[in-house]
>>> print(open('start-v1.pdb').read())   # PDB, C-alpha atoms and all ligand atoms
MODEL        1
ATOM      1  CA  MET A   1      36.630 -83.959 -66.765  1.00  0.00           C
ATOM      2  CA  ASN A   2      38.686 -82.358 -69.517  1.00  0.00           C
ATOM      3  CA  GLU A   3      40.219 -78.923 -69.420  1.00  0.00           C
ATOM      4  CA  GLU A   4      37.324 -77.361 -71.314  1.00  0.00           C
ATOM      5  CA  SER A   5      34.673 -78.625 -68.921  1.00  0.00           C
ATOM      6  CA  GLN A   6      36.744 -77.611 -65.902  1.00  0.00           C
ATOM      7  CA  LYS A   7      36.548 -74.066 -67.160  1.00  0.00           C
ATOM      8  CA  THR A   8      32.912 -73.953 -68.182  1.00  0.00           C
ATOM      9  CA  GLY A   9      31.328 -76.637 -65.992  1.00  0.00           C
ATOM     10  CA  PRO A  10      29.778 -79.836 -67.343  1.00  0.00           C
ATOM     11  CA  THR A  11      28.182 -79.590 -70.744  1.00  0.00           C
ATOM     12  CA  ARG A  12      24.430 -80.061 -71.165  1.00  0.00           C
ATOM     13  CA  ARG A  13      25.105 -83.417 -72.797  1.00  0.00           C
ATOM     14  CA  VAL A  14      27.113 -84.638 -69.794  1.00  0.00           C
ATOM     15  CA  VAL A  15      24.345 -83.561 -67.417  1.00  0.00           C
ATOM     16  CA  LEU A  16      21.686 -85.366 -69.450  1.00  0.00           C
ATOM     17  CA  GLU A  17      23.745 -88.546 -69.706  1.00  0.00           C
ATOM     18  CA  SER A  18      24.506 -88.484 -65.992  1.00  0.00           C
ATOM     19  CA  GLY A  19      20.862 -87.953 -65.157  1.00  0.00           C
ATOM     20  CA  ALA A  20      19.765 -90.831 -67.336  1.00  0.00           C
ATOM     21  CA  ALA A  21      22.331 -93.141 -65.763  1.00  0.00           C
ATOM     22  CA  ALA A  22      21.278 -92.104 -62.258  1.00  0.00           C
ATOM     23  CA  GLY A  23      17.657 -92.706 -63.173  1.00  0.00           C
ATOM     24  CA  PHE A  24      18.388 -96.227 -64.301  1.00  0.00           C
ATOM     25  CA  PHE A  25      20.303 -96.936 -61.125  1.00  0.00           C
ATOM     26  CA  LEU A  26      17.609 -95.572 -58.829  1.00  0.00           C
ATOM     27  CA  ALA A  27      14.848 -97.388 -60.647  1.00  0.00           C
ATOM     28  CA  THR A  28      16.518-100.748 -61.042  1.00  0.00           C
ATOM     29  CA  GLY A  29      19.520-100.936 -58.776  1.00  0.00           C
ATOM     30  CA  LEU A  30      21.576-101.846 -61.825  1.00  0.00           C
ATOM     31  CA  PRO A  31      24.175 -99.688 -63.459  1.00  0.00           C
ATOM     32  CA  ALA A  32      23.021 -98.245 -66.744  1.00  0.00           C
ATOM     33  CA  ALA A  33      25.759-100.064 -68.662  1.00  0.00           C
ATOM     34  CA  GLY A  34      24.405-103.414 -67.446  1.00  0.00           C
ATOM     35  CA  GLN A  35      20.768-102.599 -68.128  1.00  0.00           C
ATOM     36  CA  GLN A  36      19.260-104.338 -71.125  1.00  0.00           C
ATOM     37  CA  MET A  37      16.673-102.240 -72.873  1.00  0.00           C
ATOM     38  CA  PRO A  38      13.371-104.107 -73.136  1.00  0.00           C
ATOM     39  CA  THR A  39      12.130-105.101 -76.572  1.00  0.00           C
ATOM     40  CA  ALA A  40       8.472-105.426 -77.455  1.00  0.00           C
ATOM     41  CA  ARG A  41       8.756-109.208 -77.205  1.00  0.00           C
ATOM     42  CA  ASP A  42      10.480-109.096 -73.835  1.00  0.00           C
ATOM     43  CA  HIS A  43       7.810-106.740 -72.580  1.00  0.00           C
ATOM     44  CA  ASP A  44       5.032-109.055 -73.588  1.00  0.00           C
ATOM     45  CA  ASP A  45       6.704-112.078 -72.084  1.00  0.00           C
ATOM     46  CA  ASP A  46       7.858-110.460 -68.870  1.00  0.00           C
ATOM     47  CA  ALA A  47       4.701-108.539 -68.217  1.00  0.00           C
ATOM     48  CA  GLY A  48       2.507-111.591 -68.746  1.00  0.00           C
ATOM     49  CA  THR A  49       0.121-109.789 -71.069  1.00  0.00           C
ATOM     50  CA  ARG A  50      -3.443-110.423 -70.006  1.00  0.00           C
ATOM     51  CA  VAL A  51      -5.215-112.854 -72.297  1.00  0.00           C
ATOM     52  CA  VAL A  52      -8.756-111.872 -73.274  1.00  0.00           C
ATOM     53  CA  ASP A  53     -11.085-114.571 -74.548  1.00  0.00           C
ATOM     54  CA  PRO A  54     -12.441-113.779 -78.018  1.00  0.00           C
ATOM     55  CA  ALA A  55     -16.114-112.900 -78.309  1.00  0.00           C
ATOM     56  CA  GLU A  56     -18.277-114.883 -80.713  1.00  0.00           C
ATOM     57  CA  PHE A  57     -21.358-113.242 -82.158  1.00  0.00           C
ATOM     58  CA  THR A  58     -23.210-112.477 -85.378  1.00  0.00           C
ATOM     59  CA  LEU A  59     -23.164-109.228 -87.273  1.00  0.00           C
ATOM     60  CA  ASN A  60     -25.881-108.556 -89.808  1.00  0.00           C
ATOM     61  CA  VAL A  61     -24.263-106.288 -92.356  1.00  0.00           C
ATOM     62  CA  ASN A  62     -25.903-105.306 -95.617  1.00  0.00           C
ATOM     63  CA  LEU A  63     -28.562-107.998 -95.120  1.00  0.00           C
ATOM     64  CA  ARG A  64     -25.998-110.758 -94.692  1.00  0.00           C
ATOM     65  CA  ASN A  65     -25.120-112.548 -91.451  1.00  0.00           C
ATOM     66  CA  TYR A  66     -21.464-112.846 -90.553  1.00  0.00           C
ATOM     67  CA  SER A  67     -20.163-115.077 -87.766  1.00  0.00           C
ATOM     68  CA  VAL A  68     -17.503-113.064 -86.010  1.00  0.00           C
ATOM     69  CA  VAL A  69     -14.855-114.153 -83.515  1.00  0.00           C
ATOM     70  CA  VAL A  70     -12.878-111.139 -82.374  1.00  0.00           C
ATOM     71  CA  ASP A  71     -11.244-109.607 -79.363  1.00  0.00           C
ATOM     72  CA  PRO A  72     -14.167-107.977 -77.528  1.00  0.00           C
ATOM     73  CA  ARG A  73     -12.307-104.674 -77.628  1.00  0.00           C
ATOM     74  CA  THR A  74     -12.531-104.572 -81.445  1.00  0.00           C
ATOM     75  CA  THR A  75     -14.388-101.541 -82.738  1.00  0.00           C
ATOM     76  CA  LEU A  76     -17.185-101.968 -85.223  1.00  0.00           C
ATOM     77  CA  LEU A  77     -15.056-100.125 -87.793  1.00  0.00           C
ATOM     78  CA  ASP A  78     -12.130-102.514 -87.377  1.00  0.00           C
ATOM     79  CA  ALA A  79     -14.439-105.525 -87.462  1.00  0.00           C
ATOM     80  CA  LEU A  80     -15.974-104.322 -90.721  1.00  0.00           C
ATOM     81  CA  ARG A  81     -12.685-103.465 -92.373  1.00  0.00           C
ATOM     82  CA  ASN A  82     -10.306-106.074 -90.981  1.00  0.00           C
ATOM     83  CA  HIS A  83     -12.528-109.080 -90.366  1.00  0.00           C
ATOM     84  CA  LEU A  84     -15.357-108.761 -92.904  1.00  0.00           C
ATOM     85  CA  ASP A  85     -13.308-107.128 -95.698  1.00  0.00           C
ATOM     86  CA  LEU A  86     -15.863-104.330 -95.989  1.00  0.00           C
ATOM     87  CA  THR A  87     -13.371-101.555 -96.518  1.00  0.00           C
ATOM     88  CA  GLY A  88     -15.796 -98.951 -97.846  1.00  0.00           C
ATOM     89  CA  SER A  89     -16.069 -97.389 -94.387  1.00  0.00           C
ATOM     90  CA  LYS A  90     -12.892 -95.407 -93.928  1.00  0.00           C
ATOM     91  CA  LYS A  91     -10.720 -94.825 -90.870  1.00  0.00           C
ATOM     92  CA  GLY A  92      -9.877 -91.157 -90.777  1.00  0.00           C
ATOM     93  CA  CYS A  93      -9.247 -90.015 -87.227  1.00  0.00           C
ATOM     94  CA  ASP A  94     -10.321 -93.138 -85.263  1.00  0.00           C
ATOM     95  CA  HIS A  95     -11.530 -90.681 -82.602  1.00  0.00           C
ATOM     96  CA  GLY A  96     -15.055 -89.697 -83.623  1.00  0.00           C
ATOM     97  CA  GLN A  97     -13.972 -86.410 -85.112  1.00  0.00           C
ATOM     98  CA  CYS A  98     -14.132 -86.804 -88.900  1.00  0.00           C
ATOM     99  CA  GLY A  99     -17.157 -88.971 -89.750  1.00  0.00           C
ATOM    100  CA  ALA A 100     -15.281 -91.011 -92.374  1.00  0.00           C
ATOM    101  CA  CYS A 101     -16.352 -94.222 -90.624  1.00  0.00           C
ATOM    102  CA  THR A 102     -20.086 -93.421 -90.526  1.00  0.00           C
ATOM    103  CA  VAL A 103     -22.415 -96.394 -91.000  1.00  0.00           C
ATOM    104  CA  LEU A 104     -26.105 -96.917 -90.348  1.00  0.00           C
ATOM    105  CA  VAL A 105     -27.150 -99.091 -87.412  1.00  0.00           C
ATOM    106  CA  ASP A 106     -30.863 -99.867 -87.381  1.00  0.00           C
ATOM    107  CA  GLY A 107     -31.223 -96.920 -89.760  1.00  0.00           C
ATOM    108  CA  GLN A 108     -29.397 -94.405 -87.586  1.00  0.00           C
ATOM    109  CA  ARG A 109     -25.969 -93.027 -88.403  1.00  0.00           C
ATOM    110  CA  ILE A 110     -23.125 -93.650 -85.992  1.00  0.00           C
ATOM    111  CA  ASN A 111     -19.367 -93.334 -85.994  1.00  0.00           C
ATOM    112  CA  SER A 112     -18.269 -96.955 -86.203  1.00  0.00           C
ATOM    113  CA  CYS A 113     -14.880 -96.116 -84.690  1.00  0.00           C
ATOM    114  CA  LEU A 114     -16.568 -95.189 -81.419  1.00  0.00           C
ATOM    115  CA  THR A 115     -18.528 -98.365 -80.806  1.00  0.00           C
ATOM    116  CA  LEU A 116     -17.534-101.948 -80.141  1.00  0.00           C
ATOM    117  CA  ALA A 117     -18.532-104.619 -82.632  1.00  0.00           C
ATOM    118  CA  VAL A 118     -19.702-106.916 -79.851  1.00  0.00           C
ATOM    119  CA  MET A 119     -22.359-104.348 -78.911  1.00  0.00           C
ATOM    120  CA  HIS A 120     -24.121-104.873 -82.243  1.00  0.00           C
ATOM    121  CA  ASP A 121     -25.071-108.520 -82.104  1.00  0.00           C
ATOM    122  CA  GLY A 122     -28.552-108.588 -83.630  1.00  0.00           C
ATOM    123  CA  ASP A 123     -28.457-105.049 -85.043  1.00  0.00           C
ATOM    124  CA  THR A 124     -28.977-104.301 -88.701  1.00  0.00           C
ATOM    125  CA  ILE A 125     -25.913-102.556 -90.070  1.00  0.00           C
ATOM    126  CA  THR A 126     -25.674-100.848 -93.434  1.00  0.00           C
ATOM    127  CA  THR A 127     -22.371 -99.723 -94.879  1.00  0.00           C
ATOM    128  CA  ILE A 128     -21.692 -97.876 -98.102  1.00  0.00           C
ATOM    129  CA  GLU A 129     -21.437-101.285 -99.805  1.00  0.00           C
ATOM    130  CA  GLY A 130     -25.065-102.017 -98.923  1.00  0.00           C
ATOM    131  CA  LEU A 131     -26.776 -98.862-100.157  1.00  0.00           C
ATOM    132  CA  ALA A 132     -27.028 -99.726-103.840  1.00  0.00           C
ATOM    133  CA  LYS A 133     -29.584-102.242-105.047  1.00  0.00           C
ATOM    134  CA  GLY A 134     -27.522-104.329-107.399  1.00  0.00           C
ATOM    135  CA  ALA A 135     -26.497-102.099-110.285  1.00  0.00           C
ATOM    136  CA  ASP A 136     -28.895 -99.352-109.190  1.00  0.00           C
ATOM    137  CA  LEU A 137     -27.173 -96.741-107.084  1.00  0.00           C
ATOM    138  CA  HIS A 138     -28.876 -95.323-104.032  1.00  0.00           C
ATOM    139  CA  PRO A 139     -30.317 -91.891-104.938  1.00  0.00           C
ATOM    140  CA  MET A 140     -27.788 -90.268-102.617  1.00  0.00           C
ATOM    141  CA  GLN A 141     -24.916 -91.985-104.411  1.00  0.00           C
ATOM    142  CA  ALA A 142     -26.306 -90.897-107.772  1.00  0.00           C
ATOM    143  CA  ALA A 143     -26.696 -87.314-106.526  1.00  0.00           C
ATOM    144  CA  PHE A 144     -23.092 -87.221-105.301  1.00  0.00           C
ATOM    145  CA  ILE A 145     -21.967 -88.255-108.779  1.00  0.00           C
ATOM    146  CA  GLU A 146     -24.325 -85.825-110.455  1.00  0.00           C
ATOM    147  CA  HIS A 147     -23.087 -82.899-108.361  1.00  0.00           C
ATOM    148  CA  ASP A 148     -19.443 -83.998-108.176  1.00  0.00           C
ATOM    149  CA  GLY A 149     -19.713 -84.184-104.405  1.00  0.00           C
ATOM    150  CA  PHE A 150     -16.374 -85.880-103.988  1.00  0.00           C
ATOM    151  CA  GLN A 151     -12.816 -85.054-104.938  1.00  0.00           C
ATOM    152  CA  CYS A 152     -10.298 -87.480-103.439  1.00  0.00           C
ATOM    153  CA  GLY A 153     -13.283 -89.533-102.346  1.00  0.00           C
ATOM    154  CA  TYR A 154     -11.866 -90.657 -99.018  1.00  0.00           C
ATOM    155  CA  CYS A 155     -14.603 -89.041 -96.954  1.00  0.00           C
ATOM    156  CA  THR A 156     -17.347 -89.844 -99.463  1.00  0.00           C
ATOM    157  CA  PRO A 157     -18.614 -93.177 -98.045  1.00  0.00           C
ATOM    158  CA  GLY A 158     -19.074 -91.573 -94.632  1.00  0.00           C
ATOM    159  CA  GLN A 159     -20.611 -88.460 -96.171  1.00  0.00           C
ATOM    160  CA  ILE A 160     -23.151 -90.523 -98.117  1.00  0.00           C
ATOM    161  CA  CYS A 161     -24.089 -92.788 -95.180  1.00  0.00           C
ATOM    162  CA  SER A 162     -24.385 -89.744 -92.954  1.00  0.00           C
ATOM    163  CA  ALA A 163     -26.543 -87.938 -95.508  1.00  0.00           C
ATOM    164  CA  VAL A 164     -28.896 -90.929 -95.791  1.00  0.00           C
ATOM    165  CA  GLY A 165     -29.255 -91.049 -92.013  1.00  0.00           C
ATOM    166  CA  MET A 166     -29.623 -87.293 -91.797  1.00  0.00           C
ATOM    167  CA  LEU A 167     -32.548 -87.212 -94.237  1.00  0.00           C
ATOM    168  CA  GLN A 168     -34.400 -89.752 -92.131  1.00  0.00           C
ATOM    169  CA  GLU A 169     -33.778 -87.672 -88.992  1.00  0.00           C
ATOM    170  CA  ALA A 170     -35.084 -84.543 -90.690  1.00  0.00           C
ATOM    171  CA  ALA A 171     -38.120 -86.384 -92.053  1.00  0.00           C
ATOM    172  CA  ALA A 172     -38.881 -87.564 -88.534  1.00  0.00           C
ATOM    173  CA  GLY A 173     -38.811 -83.965 -87.308  1.00  0.00           C
ATOM    174  CA  TRP A 174     -35.639 -84.205 -85.233  1.00  0.00           C
ATOM    175  CA  PRO A 175     -34.512 -80.624 -84.676  1.00  0.00           C
ATOM    176  CA  SER A 176     -30.951 -79.497 -85.132  1.00  0.00           C
ATOM    177  CA  HIS A 177     -29.033 -76.650 -83.555  1.00  0.00           C
ATOM    178  CA  VAL A 178     -30.227 -74.288 -86.301  1.00  0.00           C
ATOM    179  CA  SER A 179     -33.863 -75.421 -86.514  1.00  0.00           C
ATOM    180  CA  GLU A 180     -36.287 -72.575 -85.920  1.00  0.00           C
ATOM    181  CA  THR A 181     -38.701 -74.693 -83.931  1.00  0.00           C
ATOM    182  CA  LEU A 182     -38.261 -77.786 -81.792  1.00  0.00           C
ATOM    183  CA  SER A 183     -41.748 -79.129 -82.400  1.00  0.00           C
ATOM    184  CA  SER A 184     -42.141 -79.174 -86.186  1.00  0.00           C
ATOM    185  CA  PRO A 185     -43.290 -82.595 -87.462  1.00  0.00           C
ATOM    186  CA  SER A 186     -40.732 -82.309 -90.263  1.00  0.00           C
ATOM    187  CA  VAL A 187     -37.792 -80.109 -91.068  1.00  0.00           C
ATOM    188  CA  SER A 188     -37.293 -77.925 -94.106  1.00  0.00           C
ATOM    189  CA  LEU A 189     -33.860 -78.797 -95.439  1.00  0.00           C
ATOM    190  CA  THR A 190     -32.322 -75.407 -96.010  1.00  0.00           C
ATOM    191  CA  ASP A 191     -28.618 -75.220 -96.785  1.00  0.00           C
ATOM    192  CA  ALA A 192     -28.062 -74.150 -93.166  1.00  0.00           C
ATOM    193  CA  GLU A 193     -29.905 -77.253 -91.935  1.00  0.00           C
ATOM    194  CA  ILE A 194     -27.886 -79.521 -94.229  1.00  0.00           C
ATOM    195  CA  ARG A 195     -24.590 -77.936 -93.247  1.00  0.00           C
ATOM    196  CA  GLU A 196     -25.372 -78.157 -89.540  1.00  0.00           C
ATOM    197  CA  ARG A 197     -26.570 -81.746 -89.740  1.00  0.00           C
ATOM    198  CA  MET A 198     -23.513 -82.777 -91.785  1.00  0.00           C
ATOM    199  CA  SER A 199     -21.051 -80.896 -89.617  1.00  0.00           C
ATOM    200  CA  GLY A 200     -19.717 -84.126 -88.103  1.00  0.00           C
ATOM    201  CA  ASN A 201     -18.359 -85.182 -91.496  1.00  0.00           C
ATOM    202  CA  ILE A 202     -15.122 -83.518 -92.467  1.00  0.00           C
ATOM    203  CA  CYS A 203     -13.949 -83.272 -96.087  1.00  0.00           C
ATOM    204  CA  ARG A 204     -10.309 -82.279 -96.417  1.00  0.00           C
ATOM    205  CA  CYS A 205     -10.876 -81.437-100.082  1.00  0.00           C
ATOM    206  CA  SER A 206     -13.609 -78.967 -99.122  1.00  0.00           C
ATOM    207  CA  ALA A 207     -16.144 -80.345-101.555  1.00  0.00           C
ATOM    208  CA  TYR A 208     -18.811 -78.988 -99.226  1.00  0.00           C
ATOM    209  CA  PRO A 209     -20.821 -76.848-101.703  1.00  0.00           C
ATOM    210  CA  ASN A 210     -21.250 -79.834-104.012  1.00  0.00           C
ATOM    211  CA  ILE A 211     -22.085 -82.138-101.115  1.00  0.00           C
ATOM    212  CA  VAL A 212     -24.801 -79.754 -99.946  1.00  0.00           C
ATOM    213  CA  ALA A 213     -26.164 -79.533-103.497  1.00  0.00           C
ATOM    214  CA  ALA A 214     -26.177 -83.331-103.792  1.00  0.00           C
ATOM    215  CA  ILE A 215     -28.044 -83.766-100.516  1.00  0.00           C
ATOM    216  CA  ARG A 216     -30.540 -81.054-101.398  1.00  0.00           C
ATOM    217  CA  ASP A 217     -31.134 -82.827-104.699  1.00  0.00           C
ATOM    218  CA  ALA A 218     -31.446 -86.296-103.177  1.00  0.00           C
ATOM    219  CA  ALA A 219     -33.774 -85.025-100.469  1.00  0.00           C
ATOM    220  CA  GLY A 220     -36.527 -84.956-103.046  1.00  0.00           C
ATOM    221  CA  GLU A 221     -35.907 -88.532-104.115  1.00  0.00           C
ATOM    222  CA  VAL A 222     -35.149 -90.519-100.985  1.00  0.00           C
TER     223      VAL A 222
HETATM  224  S1  LIG B   1     -12.682 -92.456 -88.176  1.00  0.00           S
HETATM  225 FE1  LIG B   1     -14.484 -92.455 -87.012  1.00  0.00          FE
HETATM  226  S2  LIG B   1     -14.979 -90.362 -86.812  1.00  0.00           S
HETATM  227 FE2  LIG B   1     -13.053 -90.347 -87.802  1.00  0.00          FE
HETATM  228  S1  LIG B   2     -13.424 -85.719-101.091  1.00  0.00           S
HETATM  229 FE1  LIG B   2     -11.448 -85.804-100.255  1.00  0.00          FE
HETATM  230  S2  LIG B   2     -11.741 -85.681 -98.156  1.00  0.00           S
HETATM  231 FE2  LIG B   2     -13.669 -85.383 -98.987  1.00  0.00          FE
ENDMDL
END
>>> encode(input="start-v1.pdb", output="structure tokens")
Amino acid sequence: MNEESQKTGPTRRVVLESGAAAGFFLATGLPAAGQQMPTARDHDDDAGTRVVDPAEFTLNVNLRNYSVVVDPRTTLLDALRNHLDLTGSKKGCDHGQCGACTVLVDGQRINSCLTLAVMHDGDTITTIEGLAKGADLHPMQAAFIEHDGFQCGYCTPGQICSAVGMLQEAAAGWPSHVSETLSSPSVSLTDAEIRERMSGNICRCSAYPNIVAAIRDAAGEV
């Protein structure tokens, strides 16, 4: 200990370094100086990473069958983007909080980041790439263009898929949190209804007024 530390006691740095060294010794029985820090490769080798057999199944996406062989823990979003090259569905939060990954499964909207691909063997999946009929845009896509419902566009595929699913839910009479009645056979799509039903889709550019206008417009055409 130098003269300075004799006067003032050990510095904070010395205490931290001593603590770290003691921790290594207690945990491993080896002095810190002789401890080799693990690398990612060492960790994999030493830990004997558990091998998971790949799952083989078929995904029907946009009316086309894809044979898929993936780790069974692969989300539907990752399978679409990384294995089928359908990158229209975007990964925003990867936690079910932004809606950027919304696709339609058997006509109903879901967050594809929250479901495993292997769970959808035999389902009919529609992504943003499958909404247009050839050169003819889906009415919701055309309405988004007409009303300038996108700015950076990153959230737009999820917004459009969600809007298509939402219109079908409203037409079927599914109530929302702001619906006045729970038993109406169909729902009047007020701005409040549209906003509530689209509240799972976040747009960082705040194009919301135009998105609502586009959906209101398309509601008469879909
Ligand atoms: S990426 Fe799926 S909800 Fe955000
Ligand atoms: S248009 Fe940019 S996030 Fe929605």
>>> residues_near_ligand(input="start-v1.pdb", ligand="ligand LIG 1 (chain B)", cutoff="9 Å", atoms="only C-alpha atoms and all ligand atoms", output="MDAnalysis selection string")
chainID A and resid 77 89:102 110:114 158 200:202
>>> atom_distance(input="start-v1.pdb", atom1="CA of Phe144 (chain A)", atom2="CA of Thr126 (chain A)")
18.3 Å
>>> residues_near_ligand(input="start-v1.pdb", ligand="ligand LIG 2 (chain B)", cutoff="10 Å", atoms="only C-alpha atoms and all ligand atoms", output="list in words")
Gly92, Cys98, Ala100, Asp148, Gly149, Phe150, Gln151, Cys152, Gly153, Tyr154, Cys155, Thr156, Pro157, Gly158, Gln159, Asn201, Ile202, Cys203, Arg204, Cys205, Ser206, Ala207, Tyr208 and Ile211 of chain A
>>> atom_distance(input="start-v1.pdb", atom1="CA of Trp174 (chain A)", atom2="CA of Ile194 (chain A)")
12.8 Å
>>> resolve_selection(input="start-v1.pdb", expression="the PyMOL selection byres (((chain A and resi 139-141) around 9) and not hetatm)", output="ChimeraX atom specification")
/A:131-132,136-138,142-146,160-161,163-164,214-215,217-219,221-222
>>> atom_distance(input="start-v1.pdb", atom1="CA of Val70 (chain A)", atom2="CA of Thr115 (chain A)")
14.1 Å
>>> residues_near_point(input="start-v1.pdb", point="(-11.3, -110.8, -82.7)", cutoff="12 Å", atoms="all atoms listed in the file", output="list in words")
Val52, Asp53, Pro54, Ala55, Glu56, Phe57, Ser67, Val68, Val69, Val70, Asp71, Pro72, Arg73, Thr74, Thr75, Leu76, Asp78, Ala79, Leu80, Asn82, His83, Leu84, Leu116, Ala117 and Val118 of chain A
>>> axis_aligned_box(input="start-v1.pdb", around="region 188-206 of chain A", padding_each_side="6 Å", output="lines of an AutoDock Vina configuration file")
center_x = -23.8
center_y = -79.7
center_z = -94.1
size_x = 39.0
size_y = 23.0
size_z = 24.0
>>> closest_residue(input="start-v1.pdb", among="A:His120, A:Val105, A:Asp85, A:Leu167", to="Gly220 (chain A)", atoms="all atoms listed in the file")
A:Leu167
>>> decode(input="start-v1.pdb", residues="region 147-161 of chain A", atoms="N, CA, C and O atoms", output="short mmCIF file (atom, residue, chain, number, x, y, z; two decimals), in the first residue's frame")
data_model
loop_
_atom_site.label_atom_id
_atom_site.label_comp_id
_atom_site.auth_asym_id
_atom_site.auth_seq_id
_atom_site.Cartn_x
_atom_site.Cartn_y
_atom_site.Cartn_z
N HIS A 147 -54.27 8.22 -48.75
CA HIS A 147 -54.32 9.12 -47.58
C HIS A 147 -52.94 9.36 -46.98
O HIS A 147 -52.85 9.95 -45.90
N ASP A 148 -51.89 8.93 -47.65
CA ASP A 148 -50.53 9.11 -47.15
C ASP A 148 -50.43 8.58 -45.71
O ASP A 148 -50.01 9.29 -44.79
N GLY A 149 -50.85 7.32 -45.56
CA GLY A 149 -50.90 6.73 -44.22
C GLY A 149 -49.57 6.17 -43.75
O GLY A 149 -49.52 5.40 -42.80
N PHE A 150 -48.51 6.52 -44.43
CA PHE A 150 -47.20 6.04 -43.98
C PHE A 150 -46.18 7.15 -44.19
O PHE A 150 -46.31 7.98 -45.07
N GLN A 151 -45.17 7.16 -43.33
CA GLN A 151 -44.11 8.15 -43.48
C GLN A 151 -42.80 7.42 -43.72
O GLN A 151 -42.38 7.24 -44.84
N CYS A 152 -42.17 6.88 -42.65
CA CYS A 152 -40.98 6.07 -42.94
C CYS A 152 -41.38 4.72 -43.52
O CYS A 152 -40.60 4.07 -44.19
N GLY A 153 -42.60 4.29 -43.23
CA GLY A 153 -43.11 3.07 -43.82
C GLY A 153 -42.78 1.79 -43.07
O GLY A 153 -43.28 0.73 -43.44
N TYR A 154 -41.98 1.88 -42.03
CA TYR A 154 -41.55 0.66 -41.36
C TYR A 154 -42.73 -0.09 -40.72
O TYR A 154 -42.81 -1.31 -40.76
N CYS A 155 -43.64 0.66 -40.14
CA CYS A 155 -44.77 0.02 -39.47
C CYS A 155 -45.88 -0.33 -40.44
O CYS A 155 -46.83 -1.02 -40.07
N THR A 156 -45.80 0.18 -41.67
CA THR A 156 -46.94 0.12 -42.59
C THR A 156 -47.42 -1.30 -42.92
O THR A 156 -48.63 -1.55 -42.94
N PRO A 157 -46.53 -2.27 -43.19
CA PRO A 157 -47.03 -3.62 -43.48
C PRO A 157 -47.88 -4.17 -42.33
O PRO A 157 -48.95 -4.75 -42.56
N GLY A 158 -47.42 -3.97 -41.10
CA GLY A 158 -48.18 -4.45 -39.95
C GLY A 158 -49.47 -3.67 -39.79
O GLY A 158 -50.52 -4.24 -39.44
N GLN A 159 -49.42 -2.36 -40.05
CA GLN A 159 -50.63 -1.55 -39.94
C GLN A 159 -51.68 -2.04 -40.95
O GLN A 159 -52.87 -2.18 -40.62
N ILE A 160 -51.25 -2.29 -42.16
CA ILE A 160 -52.20 -2.69 -43.21
C ILE A 160 -52.77 -4.09 -42.92
O ILE A 160 -53.99 -4.30 -43.01
N CYS A 161 -51.91 -5.04 -42.55
CA CYS A 161 -52.43 -6.38 -42.22
C CYS A 161 -53.38 -6.31 -41.04
O CYS A 161 -54.43 -6.96 -41.01
#
